[in-house]
file entry.txt (compact mmCIF, C-alpha atoms and all ligand atoms)
# COMPACT_ATOMS: atom_id res chain seq x y z
CA MET A 1 -0.02 18.95 20.09
CA GLY A 2 0.71 15.62 21.72
CA ARG A 3 -0.67 12.75 19.71
CA TRP A 4 -0.16 9.07 20.27
CA VAL A 5 1.49 6.78 17.78
CA TYR A 6 1.09 3.02 17.71
CA LEU A 7 4.55 1.48 17.57
CA ASN A 8 4.94 -2.27 17.79
CA GLY A 9 2.23 -2.97 20.30
CA GLU A 10 2.69 0.17 22.37
CA TYR A 11 1.32 3.68 22.42
CA VAL A 12 4.05 6.28 22.40
CA PRO A 13 3.77 10.09 22.29
CA GLN A 14 4.61 10.97 18.70
CA GLU A 15 7.65 13.06 19.60
CA GLU A 16 9.09 10.07 21.46
CA ALA A 17 8.32 7.47 18.78
CA LYS A 18 11.69 6.30 17.44
CA ILE A 19 12.88 3.50 15.23
CA SER A 20 16.35 2.03 14.88
CA ILE A 21 18.86 3.42 12.37
CA PHE A 22 19.39 -0.26 11.45
CA ASP A 23 15.77 -0.63 10.39
CA HIS A 24 15.76 -1.78 6.78
CA GLY A 25 12.82 0.50 6.08
CA PHE A 26 15.25 3.35 6.72
CA LEU A 27 18.37 1.76 5.23
CA TYR A 28 16.77 0.33 2.08
CA GLY A 29 13.17 1.47 1.81
CA ASP A 30 12.33 -2.14 2.59
CA GLY A 31 8.72 -2.05 3.70
CA VAL A 32 5.18 -1.15 2.69
CA PHE A 33 2.61 1.46 3.69
CA GLU A 34 -0.92 2.74 3.35
CA GLY A 35 -2.48 6.17 3.43
CA ILE A 36 -6.08 6.03 4.65
CA ARG A 37 -8.65 8.68 5.44
CA ALA A 38 -11.44 9.10 7.97
CA TYR A 39 -14.40 11.38 7.36
CA LYS A 40 -16.69 12.46 10.19
CA GLY A 41 -15.89 9.54 12.44
CA ARG A 42 -15.82 6.86 9.74
CA VAL A 43 -12.82 5.31 8.06
CA PHE A 44 -13.30 5.27 4.31
CA ARG A 45 -12.69 1.93 2.55
CA LEU A 46 -10.69 0.66 5.51
CA ASP A 47 -10.89 -3.02 4.56
CA GLU A 48 -9.75 -2.30 1.01
CA HIS A 49 -6.71 -0.41 2.32
CA ILE A 50 -5.88 -3.21 4.75
CA GLN A 51 -6.20 -5.77 2.00
CA ARG A 52 -3.87 -3.78 -0.25
CA LEU A 53 -1.34 -3.46 2.58
CA PHE A 54 -1.35 -7.22 3.13
CA ARG A 55 -0.96 -7.85 -0.59
CA SER A 56 1.93 -5.38 -0.84
CA ALA A 57 3.55 -7.16 2.11
CA ARG A 58 3.08 -10.60 0.57
CA ALA A 59 4.66 -9.42 -2.64
CA ILE A 60 7.86 -8.62 -0.76
CA SER A 61 7.67 -11.58 1.65
CA LEU A 62 7.11 -9.30 4.61
CA LYS A 63 5.21 -10.55 7.62
CA ILE A 64 2.74 -8.15 9.19
CA PRO A 65 2.71 -8.73 12.96
CA LEU A 66 -1.10 -8.38 13.25
CA SER A 67 -3.99 -10.07 11.50
CA PRO A 68 -6.10 -7.92 9.14
CA HIS A 69 -8.83 -7.86 11.79
CA GLU A 70 -6.43 -6.85 14.57
CA LEU A 71 -5.00 -4.10 12.38
CA ARG A 72 -8.50 -2.83 11.64
CA GLU A 73 -9.28 -2.61 15.34
CA LYS A 74 -5.91 -0.99 16.15
CA ILE A 75 -6.43 1.73 13.55
CA LYS A 76 -9.79 2.59 15.13
CA GLU A 77 -8.22 2.52 18.59
CA VAL A 78 -5.46 4.96 17.60
CA LEU A 79 -8.04 7.33 16.15
CA ARG A 80 -10.10 7.13 19.36
CA LYS A 81 -7.04 7.67 21.51
CA ASN A 82 -6.24 10.80 19.54
CA GLU A 83 -9.88 11.91 19.49
CA LEU A 84 -9.85 12.26 15.72
CA LYS A 85 -12.88 12.19 13.44
CA ASP A 86 -11.49 13.64 10.22
CA ALA A 87 -8.05 12.22 9.83
CA TYR A 88 -5.24 10.97 7.68
CA ILE A 89 -3.95 7.57 8.77
CA ARG A 90 -0.53 6.29 7.81
CA VAL A 91 0.21 2.61 8.41
CA VAL A 92 3.85 1.66 7.88
CA VAL A 93 5.28 -1.84 8.04
CA SER A 94 9.02 -2.03 7.73
CA ARG A 95 11.33 -5.02 7.56
CA GLY A 96 12.69 -4.05 10.97
CA GLU A 97 16.11 -4.01 12.50
CA GLY A 98 18.89 -5.96 10.80
CA ASP A 99 22.53 -5.53 9.99
CA LEU A 100 24.02 -3.29 7.31
CA GLY A 101 23.62 -5.93 4.62
CA LEU A 102 20.58 -6.25 2.37
CA ASP A 103 19.47 -9.66 3.58
CA PRO A 104 15.90 -9.47 4.94
CA GLU A 105 16.47 -12.82 6.67
CA LYS A 106 18.63 -10.92 9.15
CA CYS A 107 15.64 -8.84 10.23
CA PRO A 108 13.66 -11.07 12.60
CA TYR A 109 10.97 -8.57 13.62
CA SER A 110 9.02 -6.40 11.23
CA GLN A 111 7.90 -3.05 12.64
CA LEU A 112 4.32 -1.80 12.50
CA ILE A 113 3.57 1.88 12.98
CA ILE A 114 0.21 3.66 12.89
CA ILE A 115 0.35 7.44 12.70
CA THR A 116 -2.81 9.53 12.66
CA ASP A 117 -3.01 13.20 11.95
CA LYS A 118 -5.35 15.95 10.90
CA ILE A 119 -5.87 15.91 7.19
CA SER A 120 -4.46 18.80 5.19
CA ILE A 121 -6.85 19.28 2.33
CA TYR A 122 -6.18 20.96 -0.98
CA PRO A 123 -7.64 24.45 -1.41
CA GLU A 124 -11.23 24.37 -2.73
CA LYS A 125 -10.04 26.56 -5.62
CA PHE A 126 -8.31 23.51 -7.18
CA TYR A 127 -11.61 21.63 -7.27
CA GLU A 128 -13.43 24.56 -8.83
CA GLU A 129 -10.82 25.66 -11.34
CA GLY A 130 -8.66 22.60 -11.87
CA LEU A 131 -5.01 21.87 -11.43
CA GLU A 132 -2.11 22.46 -13.77
CA VAL A 133 0.24 19.50 -14.18
CA ILE A 134 3.31 18.67 -16.23
CA THR A 135 4.67 15.43 -17.63
CA SER A 136 7.78 14.24 -15.86
CA SER A 137 10.87 13.10 -17.73
CA VAL A 138 11.16 10.38 -15.07
CA ARG A 139 9.49 7.16 -16.21
CA ARG A 140 7.40 5.16 -13.71
CA ASN A 141 9.22 2.08 -12.43
CA SER A 142 9.00 -0.79 -14.85
CA LEU A 143 6.76 -3.69 -13.84
CA SER A 144 9.69 -6.03 -14.16
CA ALA A 145 11.91 -3.95 -11.89
CA LEU A 146 9.66 -2.79 -9.06
CA ASP A 147 5.95 -3.29 -9.67
CA PRO A 148 4.18 0.02 -8.93
CA GLY A 149 1.31 -2.12 -7.63
CA ILE A 150 3.39 -2.65 -4.50
CA LYS A 151 2.92 0.34 -2.23
CA SER A 152 6.47 0.12 -0.96
CA LEU A 153 8.50 2.51 1.16
CA ASN A 154 10.69 2.98 -1.87
CA TYR A 155 9.12 6.14 -3.31
CA LEU A 156 12.21 7.67 -4.87
CA ASN A 157 10.85 7.11 -8.37
CA ASN A 158 7.82 9.26 -7.50
CA ILE A 159 9.89 11.77 -5.54
CA LEU A 160 12.14 12.38 -8.56
CA ALA A 161 9.06 13.20 -10.61
CA LYS A 162 7.64 15.34 -7.81
CA LEU A 163 10.89 17.36 -7.74
CA GLU A 164 10.41 18.08 -11.40
CA ALA A 165 6.81 19.18 -10.82
CA THR A 166 7.67 21.56 -7.99
CA ALA A 167 10.64 22.94 -9.94
CA LYS A 168 8.13 23.88 -12.63
CA GLY A 169 5.74 25.40 -10.13
CA VAL A 170 3.02 22.74 -10.22
CA SER A 171 1.98 20.20 -7.61
CA GLU A 172 1.63 17.00 -9.66
CA ALA A 173 3.38 15.33 -12.58
CA ILE A 174 2.18 12.72 -15.04
CA MET A 175 4.50 9.72 -15.24
CA LEU A 176 4.72 7.60 -18.38
CA ASN A 177 5.71 3.95 -18.27
CA ASN A 178 8.78 2.55 -19.99
CA HIS A 179 6.87 2.20 -23.26
CA GLY A 180 5.76 5.82 -23.30
CA TYR A 181 2.15 5.18 -22.26
CA VAL A 182 0.54 7.21 -19.52
CA ALA A 183 0.78 5.41 -16.18
CA GLU A 184 -0.21 7.69 -13.31
CA CYS A 185 0.94 10.69 -11.28
CA THR A 186 3.37 10.75 -8.34
CA GLY A 187 0.65 10.14 -5.74
CA ASP A 188 -2.55 9.97 -7.77
CA ASN A 189 -4.14 7.94 -10.54
CA LEU A 190 -5.19 9.64 -13.77
CA PHE A 191 -8.45 9.56 -15.74
CA ILE A 192 -9.48 11.24 -18.96
CA VAL A 193 -12.86 11.66 -20.64
CA GLU A 194 -12.86 11.37 -24.42
CA GLY A 195 -16.05 11.40 -26.46
CA GLY A 196 -18.15 10.78 -23.36
CA VAL A 197 -16.11 7.75 -22.31
CA LEU A 198 -14.20 7.70 -19.05
CA VAL A 199 -10.77 6.13 -19.54
CA THR A 200 -7.96 5.14 -17.19
CA PRO A 201 -4.82 3.00 -17.64
CA PRO A 202 -5.08 -0.66 -16.57
CA ALA A 203 -2.95 -2.15 -13.77
CA TRP A 204 -0.61 -3.70 -16.33
CA ALA A 205 0.36 -0.25 -17.57
CA GLY A 206 2.37 -0.07 -14.33
CA ILE A 207 0.31 1.80 -11.75
CA LEU A 208 -0.69 1.62 -8.14
CA LYS A 209 -4.26 0.39 -8.24
CA GLY A 210 -5.76 3.21 -6.22
CA ILE A 211 -8.65 2.69 -3.84
CA THR A 212 -10.07 6.03 -4.99
CA ARG A 213 -9.66 4.84 -8.59
CA ASP A 214 -11.81 1.80 -7.75
CA VAL A 215 -14.45 4.03 -6.16
CA VAL A 216 -14.57 6.25 -9.26
CA ILE A 217 -15.04 3.19 -11.48
CA GLU A 218 -17.93 2.06 -9.24
CA LEU A 219 -19.51 5.52 -9.32
CA ALA A 220 -19.20 5.68 -13.11
CA ARG A 221 -21.09 2.40 -13.37
CA GLU A 222 -23.85 3.70 -11.08
CA GLU A 223 -24.12 6.91 -13.08
CA ASN A 224 -24.19 5.06 -16.42
CA ILE A 225 -21.01 6.74 -17.55
CA ASN A 226 -19.26 4.63 -20.18
CA PHE A 227 -15.94 3.41 -18.87
CA GLU A 228 -12.92 1.76 -20.39
CA GLU A 229 -9.57 0.66 -19.01
CA LYS A 230 -6.97 1.05 -21.74
CA VAL A 231 -3.50 2.33 -22.39
CA PHE A 232 -3.13 5.72 -24.03
CA THR A 233 -0.45 8.27 -24.77
CA LEU A 234 -0.05 11.95 -23.92
CA PHE A 235 -1.78 12.74 -27.20
CA SER A 236 -5.03 11.43 -25.67
CA VAL A 237 -4.49 13.53 -22.57
CA TYR A 238 -3.79 16.72 -24.52
CA THR A 239 -6.85 16.18 -26.70
CA SER A 240 -9.18 14.92 -23.97
CA ASP A 241 -12.40 16.69 -23.04
CA GLU A 242 -11.77 16.27 -19.34
CA CYS A 243 -8.98 15.04 -17.13
CA PHE A 244 -8.79 14.43 -13.39
CA LEU A 245 -6.65 12.77 -10.75
CA THR A 246 -7.73 10.49 -7.91
CA GLY A 247 -6.11 9.70 -4.59
CA THR A 248 -6.87 9.38 -0.90
CA ALA A 249 -5.54 12.85 -0.15
CA ALA A 250 -6.71 14.61 -3.34
CA GLU A 251 -10.02 12.70 -3.68
CA ILE A 252 -11.04 13.66 -7.24
CA ILE A 253 -9.19 16.70 -8.49
CA PRO A 254 -9.79 18.19 -11.94
CA VAL A 255 -6.88 18.94 -14.28
CA THR A 256 -7.38 21.82 -16.69
CA ARG A 257 -3.84 22.35 -17.99
CA VAL A 258 -1.20 19.79 -18.97
CA ASP A 259 2.27 20.80 -20.22
CA GLY A 260 0.90 24.23 -21.08
CA ARG A 261 -2.03 22.86 -23.10
CA VAL A 262 -5.57 23.70 -22.06
CA ILE A 263 -7.73 20.62 -21.49
CA GLY A 264 -11.22 20.77 -23.05
CA ASP A 265 -12.55 24.28 -22.70
CA GLY A 266 -10.31 24.98 -19.73
CA ARG A 267 -13.13 24.56 -17.23
CA VAL A 268 -14.03 21.63 -15.02
CA GLY A 269 -16.08 19.24 -17.16
CA SER A 270 -19.51 17.80 -16.45
CA VAL A 271 -18.41 14.18 -15.92
CA THR A 272 -15.75 15.32 -13.45
CA LYS A 273 -18.32 17.46 -11.63
CA ILE A 274 -20.78 14.58 -11.25
CA LEU A 275 -18.07 12.25 -9.97
CA ILE A 276 -16.79 14.82 -7.44
CA LYS A 277 -20.33 15.31 -6.13
CA LYS A 278 -21.03 11.56 -5.89
CA PHE A 279 -17.67 10.89 -4.31
CA ARG A 280 -18.28 13.48 -1.61
CA GLU A 281 -21.72 12.05 -0.91
CA LEU A 282 -20.21 8.60 -0.52
CA THR A 283 -17.51 9.72 1.91
CA GLU A 284 -20.25 11.31 4.04
CA LYS A 285 -22.33 8.19 4.34
CA GLU A 286 -19.97 5.23 4.00
CA GLY A 287 -17.11 3.93 6.12
CA VAL A 288 -16.20 1.95 9.20
CA PRO A 289 -17.39 3.79 12.35
CA ILE A 290 -14.57 4.68 14.76
CA TYR A 291 -16.66 5.31 17.84
CA GLU A 292 -19.10 2.39 17.90
N1 LIG A 301 -0.65 6.28 -7.31
C1 LIG A 301 0.36 6.40 -6.45
C2 LIG A 301 1.74 6.23 -6.93
C3 LIG A 301 0.10 6.65 -5.09
O1 LIG A 301 1.10 6.74 -4.23
C4 LIG A 301 -2.27 6.71 -5.61
C5 LIG A 301 -1.94 6.43 -6.93
C6 LIG A 301 -3.71 6.82 -5.24
O2 LIG A 301 -4.11 5.68 -4.50
P1 LIG A 301 -5.32 5.74 -3.45
O3 LIG A 301 -5.44 4.36 -2.97
O4 LIG A 301 -4.92 6.71 -2.38
O5 LIG A 301 -6.52 6.19 -4.19
C7 LIG A 301 -1.23 6.79 -4.66
C8 LIG A 301 -1.50 7.04 -3.21
C9 LIG A 301 0.29 12.03 -0.10
C10 LIG A 301 0.48 10.63 -0.51
O6 LIG A 301 0.64 12.38 1.03
C11 LIG A 301 -0.33 10.08 -1.45
C12 LIG A 301 -0.15 8.76 -1.85
C13 LIG A 301 0.87 8.06 -1.30
C14 LIG A 301 1.69 8.63 -0.38
C15 LIG A 301 1.50 9.92 0.05
O7 LIG A 301 -0.27 12.81 -0.92
N2 LIG A 301 -1.02 8.31 -2.81

call {"tool": "encode", "arguments": {"input": "entry.txt", "output": "structure tokens", "more": "lines below"}}
Ligand code: PXG
result
Amino acid sequence: MGRWVYLNGEYVPQEEAKISIFDHGFLYGDGVFEGIRAYKGRVFRLDEHIQRLFRSARAISLKIPLSPHELREKIKEVLRKNELKDAYIRVVVSRGEGDLGLDPEKCPYSQLIIITDKISIYPEKFYEEGLEVITSSVRRNSLSALDPGIKSLNYLNNILAKLEATAKGVSEAIMLNNHGYVAECTGDNLFIVEGGVLVTPPAWAGILKGITRDVVIELAREENINFEEKVFTLFSVYTSDECFLTGTAAEIIPVTRVDGRVIGDGRVGSVTKILIKKFRELTEKEGVPIYE
């Protein structure tokens, strides 16, 4: 089904959208990206995603060839051109074409791509019964090597953990940081509930600060759910009352089994249920309109 892709200032049919084999995004994973979602004609937390993209780019000294405002308008334009209302939006900025060496200075033009597609949602069963996850033997990148706060095109760290998850027949894996504390999952942040308190690792534990994570923290405040950002180990996960993951694609997804241990009573907990309900309500009413 022919969709349009935005590629460096032009609209190209997606099957004809090509980038150079000398692009450093391809050669070295040198670039940044965002995964954004639109619900019923509105883009959810668009400005937050754009802000994170610009911050990721700044962290690697990468120039984005549009202003945040221009990018915002372009994203809406691509969605309109493809007549999408519920969509997954992938914005990719790569270092662009250079030579075979590492030097980013040899790449004069960064490349900006906006891909939009239908969203493939997880089966409703996962939200009702919870997901089983494992802990990966692959540690999350250390803050001093490649800060996980940068949403870079270099996702091999996460892919290695994902391989382990799929090899064990599950769809997500918990990644610990170099010190053995829980960081996050391969494409989702992690929360636990212990003694009525909602807990998630802080940014300095070495995580991507998820937009969905921020929304959950906001919702918890509104619902008077006690919340704490702190580091914890797998022991806290195994002994938690509730556990769930958050991400743009997954939204809020309950976890009921970790490394073969049953979490809480094995059913989706009450705090998780409230947050899922509130999150869904928010996605229905909030967001930047595409067609206005
Ligand atoms: N941690 C990591 C490492 C991520 O990549 C999240 C947390 C959640 O962040 P947001 O802002 O989405 O709440 C992510 C983002 C996919 C896919 O197709 C998902 C992400 C990245 C790339 C692809 O499932 N998740």

call {"tool": "residues_around", "arguments": {"input": "entry.txt", "residues": "Arg58 in chain A", "least_positions_apart": "2", "cutoff": "12 Å", "atoms": "only C-alpha atoms", "output": "ChimeraX atom specification"}}
result
/A:31-32,51-56,60-64,93,149-152

call {"tool": "residues_near_ligand", "arguments": {"input": "entry.txt", "ligand": "ligand LIG 301 (chain A)", "cutoff": "10 Å", "atoms": "only C-alpha atoms and all ligand atoms", "output": "PDB file with C-alpha atoms, in the frame of the given file"}}
result
ATOM      1  CA  PHE A  33       2.610   1.460   3.690  1.00  0.00           C
ATOM      2  CA  GLU A  34      -0.920   2.740   3.350  1.00  0.00           C
ATOM      3  CA  GLY A  35      -2.480   6.170   3.430  1.00  0.00           C
ATOM      4  CA  ILE A  36      -6.080   6.030   4.650  1.00  0.00           C
ATOM      5  CA  ARG A  37      -8.650   8.680   5.440  1.00  0.00           C
ATOM      6  CA  ARG A  45     -12.690   1.930   2.550  1.00  0.00           C
ATOM      7  CA  GLU A  48      -9.750  -2.300   1.010  1.00  0.00           C
ATOM      8  CA  HIS A  49      -6.710  -0.410   2.320  1.00  0.00           C
ATOM      9  CA  ARG A  52      -3.870  -3.780  -0.250  1.00  0.00           C
ATOM     10  CA  TYR A  88      -5.240  10.970   7.680  1.00  0.00           C
ATOM     11  CA  ARG A  90      -0.530   6.290   7.810  1.00  0.00           C
ATOM     12  CA  ILE A 119      -5.870  15.910   7.190  1.00  0.00           C
ATOM     13  CA  SER A 120      -4.460  18.800   5.190  1.00  0.00           C
ATOM     14  CA  ILE A 121      -6.850  19.280   2.330  1.00  0.00           C
ATOM     15  CA  ARG A 140       7.400   5.160 -13.710  1.00  0.00           C
ATOM     16  CA  PRO A 148       4.180   0.020  -8.930  1.00  0.00           C
ATOM     17  CA  GLY A 149       1.310  -2.120  -7.630  1.00  0.00           C
ATOM     18  CA  ILE A 150       3.390  -2.650  -4.500  1.00  0.00           C
ATOM     19  CA  LYS A 151       2.920   0.340  -2.230  1.00  0.00           C
ATOM     20  CA  SER A 152       6.470   0.120  -0.960  1.00  0.00           C
ATOM     21  CA  LEU A 153       8.500   2.510   1.160  1.00  0.00           C
ATOM     22  CA  TYR A 155       9.120   6.140  -3.310  1.00  0.00           C
ATOM     23  CA  ASN A 157      10.850   7.110  -8.370  1.00  0.00           C
ATOM     24  CA  ASN A 158       7.820   9.260  -7.500  1.00  0.00           C
ATOM     25  CA  ILE A 159       9.890  11.770  -5.540  1.00  0.00           C
ATOM     26  CA  GLU A 172       1.630  17.000  -9.660  1.00  0.00           C
ATOM     27  CA  MET A 175       4.500   9.720 -15.240  1.00  0.00           C
ATOM     28  CA  ALA A 183       0.780   5.410 -16.180  1.00  0.00           C
ATOM     29  CA  GLU A 184      -0.210   7.690 -13.310  1.00  0.00           C
ATOM     30  CA  CYS A 185       0.940  10.690 -11.280  1.00  0.00           C
ATOM     31  CA  THR A 186       3.370  10.750  -8.340  1.00  0.00           C
ATOM     32  CA  GLY A 187       0.650  10.140  -5.740  1.00  0.00           C
ATOM     33  CA  ASP A 188      -2.550   9.970  -7.770  1.00  0.00           C
ATOM     34  CA  ASN A 189      -4.140   7.940 -10.540  1.00  0.00           C
ATOM     35  CA  LEU A 190      -5.190   9.640 -13.770  1.00  0.00           C
ATOM     36  CA  GLY A 206       2.370  -0.070 -14.330  1.00  0.00           C
ATOM     37  CA  ILE A 207       0.310   1.800 -11.750  1.00  0.00           C
ATOM     38  CA  LEU A 208      -0.690   1.620  -8.140  1.00  0.00           C
ATOM     39  CA  LYS A 209      -4.260   0.390  -8.240  1.00  0.00           C
ATOM     40  CA  GLY A 210      -5.760   3.210  -6.220  1.00  0.00           C
ATOM     41  CA  ILE A 211      -8.650   2.690  -3.840  1.00  0.00           C
ATOM     42  CA  THR A 212     -10.070   6.030  -4.990  1.00  0.00           C
ATOM     43  CA  ARG A 213      -9.660   4.840  -8.590  1.00  0.00           C
ATOM     44  CA  ASP A 214     -11.810   1.800  -7.750  1.00  0.00           C
ATOM     45  CA  VAL A 215     -14.450   4.030  -6.160  1.00  0.00           C
ATOM     46  CA  VAL A 216     -14.570   6.250  -9.260  1.00  0.00           C
ATOM     47  CA  LEU A 245      -6.650  12.770 -10.750  1.00  0.00           C
ATOM     48  CA  THR A 246      -7.730  10.490  -7.910  1.00  0.00           C
ATOM     49  CA  GLY A 247      -6.110   9.700  -4.590  1.00  0.00           C
ATOM     50  CA  THR A 248      -6.870   9.380  -0.900  1.00  0.00           C
ATOM     51  CA  ALA A 249      -5.540  12.850  -0.150  1.00  0.00           C
ATOM     52  CA  ALA A 250      -6.710  14.610  -3.340  1.00  0.00           C
ATOM     53  CA  GLU A 251     -10.020  12.700  -3.680  1.00  0.00           C
ATOM     54  CA  ILE A 252     -11.040  13.660  -7.240  1.00  0.00           C
TER      55      ILE A 252
END

call {"tool": "residues_around", "arguments": {"input": "entry.txt", "residues": "Ile192 in chain A", "least_positions_apart": "3", "cutoff": "6 Å", "atoms": "only C-alpha atoms", "output": "PyMOL selection string"}}
result
chain A and resi 198-199+242-243

call {"tool": "residues_around", "arguments": {"input": "entry.txt", "residues": "Arg80 in chain A", "least_positions_apart": "2", "cutoff": "12 Å", "atoms": "only C-alpha atoms", "output": "MDAnalysis selection string"}}
result
chainID A and resid 3:5 38 41:43 73:78 82:87 116:117 289:292

call {"tool": "residues_around", "arguments": {"input": "entry.txt", "residues": "Val193 in chain A", "least_positions_apart": "5", "cutoff": "12 Å", "atoms": "all atoms listed in the file", "output": "PDB file with C-alpha atoms, keeping the file's coordinate frame"}}
result
ATOM      1  CA  LEU A 198     -14.200   7.700 -19.050  1.00  0.00           C
ATOM      2  CA  VAL A 199     -10.770   6.130 -19.540  1.00  0.00           C
ATOM      3  CA  THR A 200      -7.960   5.140 -17.190  1.00  0.00           C
ATOM      4  CA  ALA A 220     -19.200   5.680 -13.110  1.00  0.00           C
ATOM      5  CA  ILE A 225     -21.010   6.740 -17.550  1.00  0.00           C
ATOM      6  CA  ASN A 226     -19.260   4.630 -20.180  1.00  0.00           C
ATOM      7  CA  PHE A 227     -15.940   3.410 -18.870  1.00  0.00           C
ATOM      8  CA  GLU A 228     -12.920   1.760 -20.390  1.00  0.00           C
ATOM      9  CA  GLU A 229      -9.570   0.660 -19.010  1.00  0.00           C
ATOM     10  CA  PHE A 232      -3.130   5.720 -24.030  1.00  0.00           C
ATOM     11  CA  SER A 236      -5.030  11.430 -25.670  1.00  0.00           C
ATOM     12  CA  VAL A 237      -4.490  13.530 -22.570  1.00  0.00           C
ATOM     13  CA  TYR A 238      -3.790  16.720 -24.520  1.00  0.00           C
ATOM     14  CA  THR A 239      -6.850  16.180 -26.700  1.00  0.00           C
ATOM     15  CA  SER A 240      -9.180  14.920 -23.970  1.00  0.00           C
ATOM     16  CA  ASP A 241     -12.400  16.690 -23.040  1.00  0.00           C
ATOM     17  CA  GLU A 242     -11.770  16.270 -19.340  1.00  0.00           C
ATOM     18  CA  CYS A 243      -8.980  15.040 -17.130  1.00  0.00           C
ATOM     19  CA  PHE A 244      -8.790  14.430 -13.390  1.00  0.00           C
ATOM     20  CA  LEU A 245      -6.650  12.770 -10.750  1.00  0.00           C
ATOM     21  CA  PRO A 254      -9.790  18.190 -11.940  1.00  0.00           C
ATOM     22  CA  VAL A 255      -6.880  18.940 -14.280  1.00  0.00           C
ATOM     23  CA  ILE A 263      -7.730  20.620 -21.490  1.00  0.00           C
ATOM     24  CA  GLY A 264     -11.220  20.770 -23.050  1.00  0.00           C
ATOM     25  CA  VAL A 268     -14.030  21.630 -15.020  1.00  0.00           C
ATOM     26  CA  GLY A 269     -16.080  19.240 -17.160  1.00  0.00           C
ATOM     27  CA  SER A 270     -19.510  17.800 -16.450  1.00  0.00           C
ATOM     28  CA  VAL A 271     -18.410  14.180 -15.920  1.00  0.00           C
ATOM     29  CA  THR A 272     -15.750  15.320 -13.450  1.00  0.00           C
ATOM     30  CA  LEU A 275     -18.070  12.250  -9.970  1.00  0.00           C
TER      31      LEU A 275
END

call {"tool": "atom_distance", "arguments": {"input": "entry.txt", "atom1": "CA of Ser144 in chain A", "atom2": "CA of Ala167 in chain A"}}
result
29.3 Å

call {"tool": "atom_distance", "arguments": {"input": "entry.txt", "atom1": "CA of Ala57 in chain A", "atom2": "CA of Glu70 in chain A"}}
result
16.0 Å

call {"tool": "axis_aligned_box", "arguments": {"input": "entry.txt", "around": "range 161-175 of chain A", "padding_each_side": "4 Å", "output": "AutoDock Vina command-line options"}}
result
--center_x 6.3 --center_y 17.6 --center_z -11.4 --size_x 17.3 --size_y 23.7 --size_z 15.6
